[in-house]
file final_6.tsv (TSV, C-alpha atoms)
chain	number	residue	atom	x	y	z
A	1	SER	CA	0.00	0.00	0.00
A	2	GLN	CA	1.05	3.58	-0.55
A	3	THR	CA	2.22	5.82	2.26
A	4	ILE	CA	3.40	9.40	2.50
A	5	HIS	CA	5.65	10.82	5.17
A	6	GLN	CA	6.59	14.35	6.08
A	7	TRP	CA	9.13	15.67	8.51
A	8	PRO	CA	9.72	17.39	10.75
A	9	ALA	CA	6.26	17.47	12.29
A	10	THR	CA	6.86	20.76	14.08
A	11	LEU	CA	9.47	23.42	13.64
A	12	VAL	CA	10.19	26.74	15.34
A	13	GLN	CA	12.60	28.92	13.42
A	14	PRO	CA	13.85	32.51	13.74
A	15	VAL	CA	13.24	35.04	10.99
A	16	GLY	CA	15.99	34.90	8.40
A	17	SER	CA	16.92	31.29	9.04
A	18	PRO	CA	16.79	28.58	6.35
A	19	LEU	CA	14.09	25.93	6.00
A	20	SER	CA	13.98	22.41	4.70
A	21	LEU	CA	10.85	20.25	4.82
A	22	GLU	CA	10.99	16.79	3.34
A	23	CYS	CA	8.29	14.53	1.96
A	24	THR	CA	8.61	10.97	0.66
A	25	VAL	CA	6.07	8.65	-0.89
A	26	GLU	CA	6.31	4.87	-0.79
A	27	GLY	CA	4.51	2.16	-2.67
A	28	THR	CA	3.91	3.97	-5.95
A	29	SER	CA	5.86	5.24	-8.95
A	30	ASN	CA	5.84	8.54	-10.82
A	31	PRO	CA	3.33	10.28	-8.56
A	32	ASN	CA	2.28	13.90	-8.93
A	33	LEU	CA	3.58	15.70	-5.84
A	34	TYR	CA	2.28	18.88	-4.21
A	35	TRP	CA	3.16	21.31	-1.46
A	36	TYR	CA	0.33	23.24	0.19
A	37	ARG	CA	0.35	25.80	2.98
A	38	GLN	CA	-2.49	26.50	5.38
A	39	ALA	CA	-2.61	29.58	7.57
A	40	ALA	CA	-4.53	29.31	10.83
A	41	GLY	CA	-8.28	28.98	10.17
A	42	ARG	CA	-7.86	29.27	6.42
A	43	GLY	CA	-8.05	27.05	3.36
A	44	LEU	CA	-5.14	25.39	1.59
A	45	GLN	CA	-2.92	27.41	-0.71
A	46	LEU	CA	-1.14	25.42	-3.41
A	47	LEU	CA	2.55	26.37	-3.44
A	48	PHE	CA	4.23	23.92	-5.82
A	49	TYR	CA	3.39	20.86	-7.82
A	50	SER	CA	5.53	18.40	-9.72
A	51	ILE	CA	4.72	15.85	-12.41
A	52	GLY	CA	8.22	14.34	-12.53
A	53	ILE	CA	11.83	14.56	-11.40
A	54	ASP	CA	13.15	18.12	-11.75
A	55	GLN	CA	9.75	19.23	-13.10
A	56	ILE	CA	8.43	21.81	-10.65
A	57	SER	CA	5.70	24.38	-11.17
A	58	SER	CA	5.21	27.29	-8.81
A	59	GLU	CA	1.73	28.59	-8.12
A	60	VAL	CA	2.51	31.59	-5.94
A	61	PRO	CA	5.58	33.85	-6.01
A	62	GLN	CA	7.34	33.76	-2.65
A	63	ASN	CA	10.65	33.18	-0.97
A	64	LEU	CA	10.12	29.42	-1.00
A	65	SER	CA	11.44	26.89	-3.48
A	66	ALA	CA	10.83	23.21	-4.13
A	67	SER	CA	12.96	20.42	-5.50
A	68	ARG	CA	12.36	16.84	-6.55
A	69	PRO	CA	15.72	15.08	-6.64
A	70	GLN	CA	14.17	11.62	-6.78
A	71	ASP	CA	10.89	10.25	-8.11
A	72	ARG	CA	9.24	9.95	-4.70
A	73	GLN	CA	10.97	12.75	-2.80
A	74	PHE	CA	9.77	16.34	-2.62
A	75	ILE	CA	11.58	19.03	-0.66
A	76	LEU	CA	10.38	22.49	0.31
A	77	SER	CA	13.10	25.02	1.11
A	78	SER	CA	13.76	28.62	1.95
A	79	LYS	CA	17.04	30.49	2.29
A	80	LYS	CA	15.58	33.14	4.64
A	81	LEU	CA	12.29	32.69	6.42
A	82	LEU	CA	9.78	35.50	6.90
A	83	LEU	CA	7.20	35.83	9.67
A	84	SER	CA	4.51	35.31	7.04
A	85	ASP	CA	5.92	31.86	6.27
A	86	SER	CA	4.41	30.50	9.47
A	87	GLY	CA	1.72	27.91	8.85
A	88	PHE	CA	0.82	24.29	8.40
A	89	TYR	CA	2.62	22.77	5.41
A	90	LEU	CA	1.13	19.75	3.72
A	91	CYS	CA	2.66	17.45	1.16
A	92	ALA	CA	0.35	15.41	-1.06
A	93	TRP	CA	0.52	12.98	-3.94
A	94	SER	CA	-1.78	11.72	-6.66
A	95	LEU	CA	-1.48	9.46	-9.66
A	96	LEU	CA	-2.03	10.30	-13.29
A	97	ALA	CA	-4.86	8.51	-15.06
A	98	HIS	CA	-6.57	7.95	-11.74
A	99	THR	CA	-9.53	9.46	-9.95
A	100	GLY	CA	-7.33	12.38	-9.11
A	101	GLU	CA	-7.68	11.68	-5.43
A	102	LEU	CA	-5.07	13.50	-3.38
A	103	PHE	CA	-3.38	11.72	-0.49
A	104	PHE	CA	-1.98	14.04	2.16
A	105	GLY	CA	0.85	13.66	4.61
A	106	GLU	CA	0.62	14.39	8.31
A	107	GLY	CA	1.71	17.98	7.89
A	108	SER	CA	4.55	20.12	9.25
A	109	ARG	CA	3.69	23.00	11.53
A	110	LEU	CA	6.16	25.88	11.11
A	111	THR	CA	6.35	28.82	13.47
A	112	VAL	CA	8.63	31.67	12.50
A	113	LEU	CA	9.52	33.99	15.38
B	114	ASP	CA	-10.49	28.16	-12.68
B	115	ALA	CA	-14.08	27.45	-11.74
B	116	LYS	CA	-14.82	28.42	-8.13
B	117	THR	CA	-17.00	26.91	-5.43
B	118	THR	CA	-19.03	28.59	-2.69
B	119	GLN	CA	-19.79	26.92	0.62
B	120	PRO	CA	-21.30	28.15	3.89
B	121	ASN	CA	-18.64	28.97	6.48
B	122	SER	CA	-20.19	26.75	9.14
B	123	MET	CA	-22.99	24.29	9.83
B	124	GLU	CA	-24.23	22.47	12.88
B	125	SER	CA	-25.80	19.08	13.28
B	126	ASN	CA	-26.86	16.68	16.01
B	127	GLU	CA	-25.34	13.27	16.43
B	128	GLU	CA	-27.04	10.46	14.49
B	129	GLU	CA	-28.97	12.89	12.32
B	130	PRO	CA	-28.37	13.37	8.59
B	131	VAL	CA	-26.27	16.31	7.41
B	132	HIS	CA	-26.57	18.02	4.04
B	133	LEU	CA	-23.55	20.14	3.13
B	134	PRO	CA	-24.21	22.38	0.12
B	135	CYS	CA	-21.78	23.64	-2.51
B	136	ASN	CA	-22.45	26.06	-5.35
B	137	HIS	CA	-20.34	25.94	-8.50
B	138	SER	CA	-22.24	27.97	-11.06
B	139	THR	CA	-19.26	28.32	-13.43
B	140	ILE	CA	-18.54	24.60	-13.62
B	141	SER	CA	-17.39	23.34	-17.00
B	142	GLY	CA	-18.42	20.13	-18.68
B	143	THR	CA	-15.13	18.40	-17.84
B	144	ASP	CA	-14.98	19.41	-14.17
B	145	TYR	CA	-15.33	16.67	-11.58
B	146	ILE	CA	-16.77	17.60	-8.19
B	147	HIS	CA	-14.57	16.42	-5.34
B	148	TRP	CA	-15.16	16.52	-1.60
B	149	TYR	CA	-12.48	16.31	1.08
B	150	ARG	CA	-12.61	16.78	4.81
B	151	GLN	CA	-9.97	17.89	7.28
B	152	LEU	CA	-9.82	17.04	10.96
B	153	PRO	CA	-7.91	19.42	13.26
B	154	SER	CA	-4.14	19.33	12.79
B	155	GLN	CA	-4.38	16.72	10.05
B	156	GLY	CA	-4.16	16.75	6.29
B	157	PRO	CA	-7.39	16.58	4.29
B	158	GLU	CA	-8.79	13.18	3.39
B	159	TYR	CA	-10.75	12.26	0.30
B	160	VAL	CA	-14.47	11.72	0.81
B	161	ILE	CA	-16.12	11.30	-2.57
B	162	HIS	CA	-16.24	12.62	-6.11
B	163	GLY	CA	-18.61	12.65	-9.07
B	164	LEU	CA	-19.25	14.07	-12.52
B	165	THR	CA	-22.97	13.97	-13.31
B	166	SER	CA	-24.67	11.11	-11.50
B	167	ASN	CA	-25.23	10.82	-7.78
B	168	VAL	CA	-22.57	8.76	-6.02
B	169	ASN	CA	-22.50	6.68	-2.87
B	170	ASN	CA	-19.64	5.21	-0.90
B	171	ARG	CA	-19.06	4.00	2.63
B	172	MET	CA	-18.40	7.50	3.90
B	173	ALA	CA	-21.08	9.61	2.25
B	174	SER	CA	-23.36	10.29	-0.69
B	175	LEU	CA	-22.95	13.01	-3.30
B	176	ALA	CA	-26.05	14.50	-4.89
B	177	ILE	CA	-25.37	16.54	-8.04
B	178	ALA	CA	-27.96	18.93	-9.45
B	179	GLU	CA	-29.15	18.24	-12.96
B	180	ASP	CA	-27.53	21.44	-14.26
B	181	ARG	CA	-24.38	20.62	-12.23
B	182	LYS	CA	-24.28	24.11	-10.79
B	183	SER	CA	-24.58	22.83	-7.27
B	184	SER	CA	-24.00	19.67	-5.27
B	185	THR	CA	-24.69	18.36	-1.79
B	186	LEU	CA	-22.59	16.08	0.36
B	187	ILE	CA	-24.80	13.91	2.52
B	188	LEU	CA	-23.66	12.28	5.74
B	189	HIS	CA	-26.47	9.88	6.55
B	190	ARG	CA	-25.89	9.66	10.29
B	191	ALA	CA	-23.49	12.20	11.71
B	192	THR	CA	-21.10	11.10	14.43
B	193	LEU	CA	-18.84	13.19	16.63
B	194	ARG	CA	-15.94	11.99	14.49
B	195	ASP	CA	-17.49	13.70	11.46
B	196	ALA	CA	-16.78	17.13	12.96
B	197	ALA	CA	-14.34	18.62	10.46
B	198	VAL	CA	-13.90	21.20	7.72
B	199	TYR	CA	-15.46	19.96	4.49
B	200	TYR	CA	-14.08	21.19	1.18
B	201	CYS	CA	-15.87	21.12	-2.15
B	202	ILE	CA	-13.45	21.36	-5.08
B	203	LEU	CA	-13.67	21.22	-8.87
B	204	ARG	CA	-11.06	19.40	-10.88
B	205	ASP	CA	-10.77	19.47	-14.65
B	206	VAL	CA	-10.30	15.98	-16.03
B	207	GLY	CA	-8.07	17.57	-18.67
B	208	GLU	CA	-5.47	18.16	-16.00
B	209	GLU	CA	-4.75	14.45	-15.78
B	210	THR	CA	-1.73	14.77	-18.03
B	211	SER	CA	-0.84	18.42	-17.63
B	212	GLY	CA	-0.21	18.35	-13.91
B	213	SER	CA	-3.33	17.96	-11.86
B	214	ARG	CA	-4.06	20.63	-9.32
B	215	LEU	CA	-6.66	21.11	-6.67
B	216	THR	CA	-7.29	24.44	-5.05
B	217	PHE	CA	-8.98	24.39	-1.68
B	218	GLY	CA	-11.15	27.25	-0.47
B	219	GLU	CA	-12.04	27.73	3.19
B	220	GLY	CA	-14.69	25.03	3.29
B	221	THR	CA	-17.53	24.46	5.75
B	222	GLN	CA	-16.79	23.86	9.42
B	223	LEU	CA	-19.20	21.14	10.56
B	224	THR	CA	-19.97	20.97	14.26
B	225	VAL	CA	-21.70	17.83	15.53
B	226	ASN	CA	-23.54	18.14	18.84
B	227	PRO	CA	-23.89	15.09	21.11
call {"tool": "encode", "arguments": {"input": "final_6.tsv", "output": "structure tokens"}}
result
Amino acid sequence: SQTIHQWPATLVQPVGSPLSLECTVEGTSNPNLYWYRQAAGRGLQLLFYSIGIDQISSEVPQNLSASRPQDRQFILSSKKLLLSDSGFYLCAWSLLAHTGELFFGEGSRLTVL
Amino acid sequence: DAKTTQPNSMESNEEEPVHLPCNHSTISGTDYIHWYRQLPSQGPEYVIHGLTSNVNNRMASLAIAEDRKSSTLILHRATLRDAAVYYCILRDVGEETSGSRLTFGEGTQLTVNP
């Protein structure tokens, strides 16, 4: 069966520090991968999506970047965090030629102080 | 992208049916209607989806209006564990090969009273 893992689960970082959130998917090949962010009490904002290795599309301009060095690995990074980067970050995957159902990870809660 | 409109919040009593509405007046012919729900501090989970016909699964039923401009998620007997934010989303089947994307609005917060 397929599983998705994100880490770390929680993170407290000072403004200006770097960020790295990692997501891996197991049990499937060539998934579509997504990074979402959710501010407190709000909906989910799509940040990045990827249909293959080194194929990343950005939905919203920001100081974040994403990379996909391997088929089932998706990394969200920042060189210098802003206060506004605080939120709940969710990684998700889906398969092509499928129902389009998204499977979400457990989430990473980032607090920037 | 076609948008959806949902009430911010709804309340229900335990073991009673719940009807969660969603308006999508600008839906296109190739848009599927998807529903997800999100429990506190968790990622959303898939509930159900449909195109034109009503759909049933073990979690819920989806009733789609004949003109497809609205839909209703039906929980037949609400439990306390159904308290969550419910999202109604449209997804274009044409995005299967171009990089599928789902945009989530703010959804409906369902409160279930014991």
call {"tool": "residues_around", "arguments": {"input": "final_6.tsv", "residues": "Phe103 in chain A", "least_positions_apart": "3", "cutoff": "9 Å", "atoms": "only C-alpha atoms", "output": "list in words"}}
result
Thr3, Ile4, Cys91, Ala92, Trp93 and Ser94 of chain A; Gly156, Pro157, Glu158 and Tyr159 of chain B
call {"tool": "atom_distance", "arguments": {"input": "final_6.tsv", "atom1": "CA of Leu64 in chain A", "atom2": "CA of Ser17 in chain A"}}
result
12.3 Å
call {"tool": "residues_around", "arguments": {"input": "final_6.tsv", "residues": "Thr117 in chain B", "least_positions_apart": "3", "cutoff": "10 Å", "atoms": "all atoms listed in the file", "output": "VMD selection string"}}
result
chain B and resid 114 135 to 140 146 182 to 183 200 to 203 217 to 220
call {"tool": "atom_distance", "arguments": {"input": "final_6.tsv", "atom1": "CA of Leu164 in chain B", "atom2": "CA of Tyr145 in chain B"}}
result
4.8 Å
call {"tool": "closest_atom_pairs", "arguments": {"input": "final_6.tsv", "of": "chain A", "to": "chain B", "cutoff": "9 Å", "atoms": "only C-alpha atoms", "output": "Markdown table"}}
result
| residue | atom | partner | partner_atom | distance |
| --- | --- | --- | --- | --- |
| A:Asn32 | CA | B:Gly212 | CA | 7.1 |
| A:Tyr34 | CA | B:Arg214 | CA | 8.3 |
| A:Gly41 | CA | B:Glu219 | CA | 8.0 |
| A:Arg42 | CA | B:Glu219 | CA | 5.5 |
| A:Gly43 | CA | B:Glu219 | CA | 4.1 |
| A:Leu44 | CA | B:Phe217 | CA | 5.1 |
| A:Gln45 | CA | B:Thr216 | CA | 6.8 |
| A:Leu46 | CA | B:Thr216 | CA | 6.4 |
| A:Tyr49 | CA | B:Gly212 | CA | 7.5 |
| A:Ser50 | CA | B:Gly212 | CA | 7.1 |
| A:Ile51 | CA | B:Gly212 | CA | 5.7 |
| A:Ser57 | CA | B:Gly212 | CA | 8.9 |
| A:Phe88 | CA | B:Ser154 | CA | 8.3 |
| A:Leu90 | CA | B:Gly156 | CA | 6.6 |
| A:Cys91 | CA | B:Gly156 | CA | 8.6 |
| A:Ala92 | CA | B:Gly156 | CA | 8.7 |
| A:Ser94 | CA | B:Ser213 | CA | 8.3 |
| A:Leu95 | CA | B:Glu209 | CA | 8.5 |
| A:Leu96 | CA | B:Glu209 | CA | 5.6 |
| A:Ala97 | CA | B:Glu209 | CA | 6.0 |
| A:His98 | CA | B:Glu209 | CA | 7.9 |
| A:Thr99 | CA | B:His162 | CA | 8.4 |
| A:Gly100 | CA | B:Ser213 | CA | 7.4 |
| A:Glu101 | CA | B:Tyr159 | CA | 6.5 |
| A:Leu102 | CA | B:Tyr159 | CA | 6.9 |
| A:Phe103 | CA | B:Glu158 | CA | 6.8 |
| A:Phe104 | CA | B:Gly156 | CA | 5.4 |
| A:Gly105 | CA | B:Gly156 | CA | 6.1 |
| A:Glu106 | CA | B:Gly156 | CA | 5.7 |
| A:Gly107 | CA | B:Gly156 | CA | 6.2 |
| A:Arg109 | CA | B:Ser154 | CA | 8.7 |
call {"tool": "closest_residue", "arguments": {"input": "final_6.tsv", "among": "B:Val225, B:Leu186, B:Ala191, B:Val168", "to": "Glu128 in chain B", "atoms": "only C-alpha atoms"}}
result
B:Ala191
call {"tool": "residues_around", "arguments": {"input": "final_6.tsv", "residues": "Thr10 in chain A", "least_positions_apart": "3", "cutoff": "8 Å", "atoms": "all atoms listed in the file", "output": "list in words"}}
result
Trp7, Ser108, Arg109 and Leu110 of chain A
call {"tool": "residues_around", "arguments": {"input": "final_6.tsv", "residues": "range 20-23 of chain A", "least_positions_apart": "4", "cutoff": "7 Å", "atoms": "all atoms listed in the file", "output": "MDAnalysis selection string"}}
result
chainID A and resid 5:8 73:78 91
call {"tool": "atom_distance", "arguments": {"input": "final_6.tsv", "atom1": "CA of Leu223 in chain B", "atom2": "CA of Ser125 in chain B"}}
result
7.4 Å
call {"tool": "decode", "arguments": {"input": "final_6.tsv", "residues": "range 45-74 of chain A", "atoms": "N, CA and C atoms", "output": "CSV table (one decimal), in the first residue's frame"}}
result
chain,number,residue,atom,x,y,z
A,45,GLN,N,-3.5,26.7,0.4
A,45,GLN,CA,-2.9,27.4,-0.7
A,45,GLN,C,-1.9,26.5,-1.4
A,46,LEU,N,-2.1,26.2,-2.7
A,46,LEU,CA,-1.1,25.4,-3.4
A,46,LEU,C,0.1,26.2,-3.7
A,47,LEU,N,1.3,25.7,-3.3
A,47,LEU,CA,2.6,26.4,-3.4
A,47,LEU,C,3.3,25.8,-4.7
A,48,PHE,N,3.5,24.6,-4.7
A,48,PHE,CA,4.2,23.9,-5.8
A,48,PHE,C,3.6,22.6,-6.2
A,49,TYR,N,3.7,22.2,-7.5
A,49,TYR,CA,3.4,20.9,-7.8
A,49,TYR,C,4.4,20.3,-8.8
A,50,SER,N,4.5,19.0,-8.9
A,50,SER,CA,5.5,18.4,-9.7
A,50,SER,C,5.0,17.1,-10.4
A,51,ILE,N,5.2,17.0,-11.7
A,51,ILE,CA,4.7,15.9,-12.4
A,51,ILE,C,5.9,14.9,-12.7
A,52,GLY,N,7.1,15.2,-12.3
A,52,GLY,CA,8.2,14.3,-12.5
A,52,GLY,C,9.5,14.9,-11.9
A,53,ILE,N,10.6,14.1,-12.0
A,53,ILE,CA,11.8,14.6,-11.4
A,53,ILE,C,12.3,15.9,-12.1
A,54,ASP,N,12.7,16.8,-11.3
A,54,ASP,CA,13.1,18.1,-11.7
A,54,ASP,C,12.1,18.9,-12.6
A,55,GLN,N,10.8,18.5,-12.4
A,55,GLN,CA,9.8,19.2,-13.1
A,55,GLN,C,8.9,19.8,-12.0
A,56,ILE,N,9.1,21.1,-11.7
A,56,ILE,CA,8.4,21.8,-10.6
A,56,ILE,C,7.7,23.0,-11.2
A,57,SER,N,6.5,23.2,-10.8
A,57,SER,CA,5.7,24.4,-11.2
A,57,SER,C,5.3,25.1,-9.9
A,58,SER,N,5.5,26.4,-10.0
A,58,SER,CA,5.2,27.3,-8.8
A,58,SER,C,3.9,28.0,-9.0
A,59,GLU,N,3.0,28.0,-8.0
A,59,GLU,CA,1.7,28.6,-8.1
A,59,GLU,C,1.7,30.0,-7.6
A,60,VAL,N,2.5,30.3,-6.6
A,60,VAL,CA,2.5,31.6,-5.9
A,60,VAL,C,3.9,32.1,-5.8
A,61,PRO,N,4.2,33.3,-6.2
A,61,PRO,CA,5.6,33.9,-6.0
A,61,PRO,C,5.9,34.1,-4.5
A,62,GLN,N,7.0,33.6,-4.1
A,62,GLN,CA,7.3,33.8,-2.6
A,62,GLN,C,8.8,33.4,-2.5
A,63,ASN,N,9.3,33.5,-1.2
A,63,ASN,CA,10.7,33.2,-1.0
A,63,ASN,C,10.9,31.7,-0.7
A,64,LEU,N,10.0,30.9,-1.2
A,64,LEU,CA,10.1,29.4,-1.0
A,64,LEU,C,10.5,28.8,-2.3
A,65,SER,N,11.1,27.6,-2.3
A,65,SER,CA,11.4,26.9,-3.5
A,65,SER,C,11.2,25.4,-3.2
A,66,ALA,N,11.1,24.6,-4.3
A,66,ALA,CA,10.8,23.2,-4.1
A,66,ALA,C,11.8,22.5,-5.1
A,67,SER,N,12.1,21.3,-4.7
A,67,SER,CA,13.0,20.4,-5.5
A,67,SER,C,12.5,19.0,-5.4
A,68,ARG,N,12.7,18.2,-6.5
A,68,ARG,CA,12.4,16.8,-6.6
A,68,ARG,C,13.5,16.1,-7.1
A,69,PRO,N,14.5,15.7,-6.2
A,69,PRO,CA,15.7,15.1,-6.6
A,69,PRO,C,15.5,13.6,-7.0
A,70,GLN,N,14.5,13.0,-6.5
A,70,GLN,CA,14.2,11.6,-6.8
A,70,GLN,C,12.7,11.5,-7.1
A,71,ASP,N,12.3,10.4,-7.7
A,71,ASP,CA,10.9,10.2,-8.1
A,71,ASP,C,9.9,10.4,-7.0
A,72,ARG,N,10.2,9.9,-5.8
A,72,ARG,CA,9.2,10.0,-4.7
A,72,ARG,C,9.7,10.8,-3.5
A,73,GLN,N,10.5,11.8,-3.8
A,73,GLN,CA,11.0,12.7,-2.8
A,73,GLN,C,10.7,14.2,-3.2
A,74,PHE,N,10.1,14.9,-2.3
A,74,PHE,CA,9.8,16.3,-2.6
A,74,PHE,C,10.2,17.2,-1.4
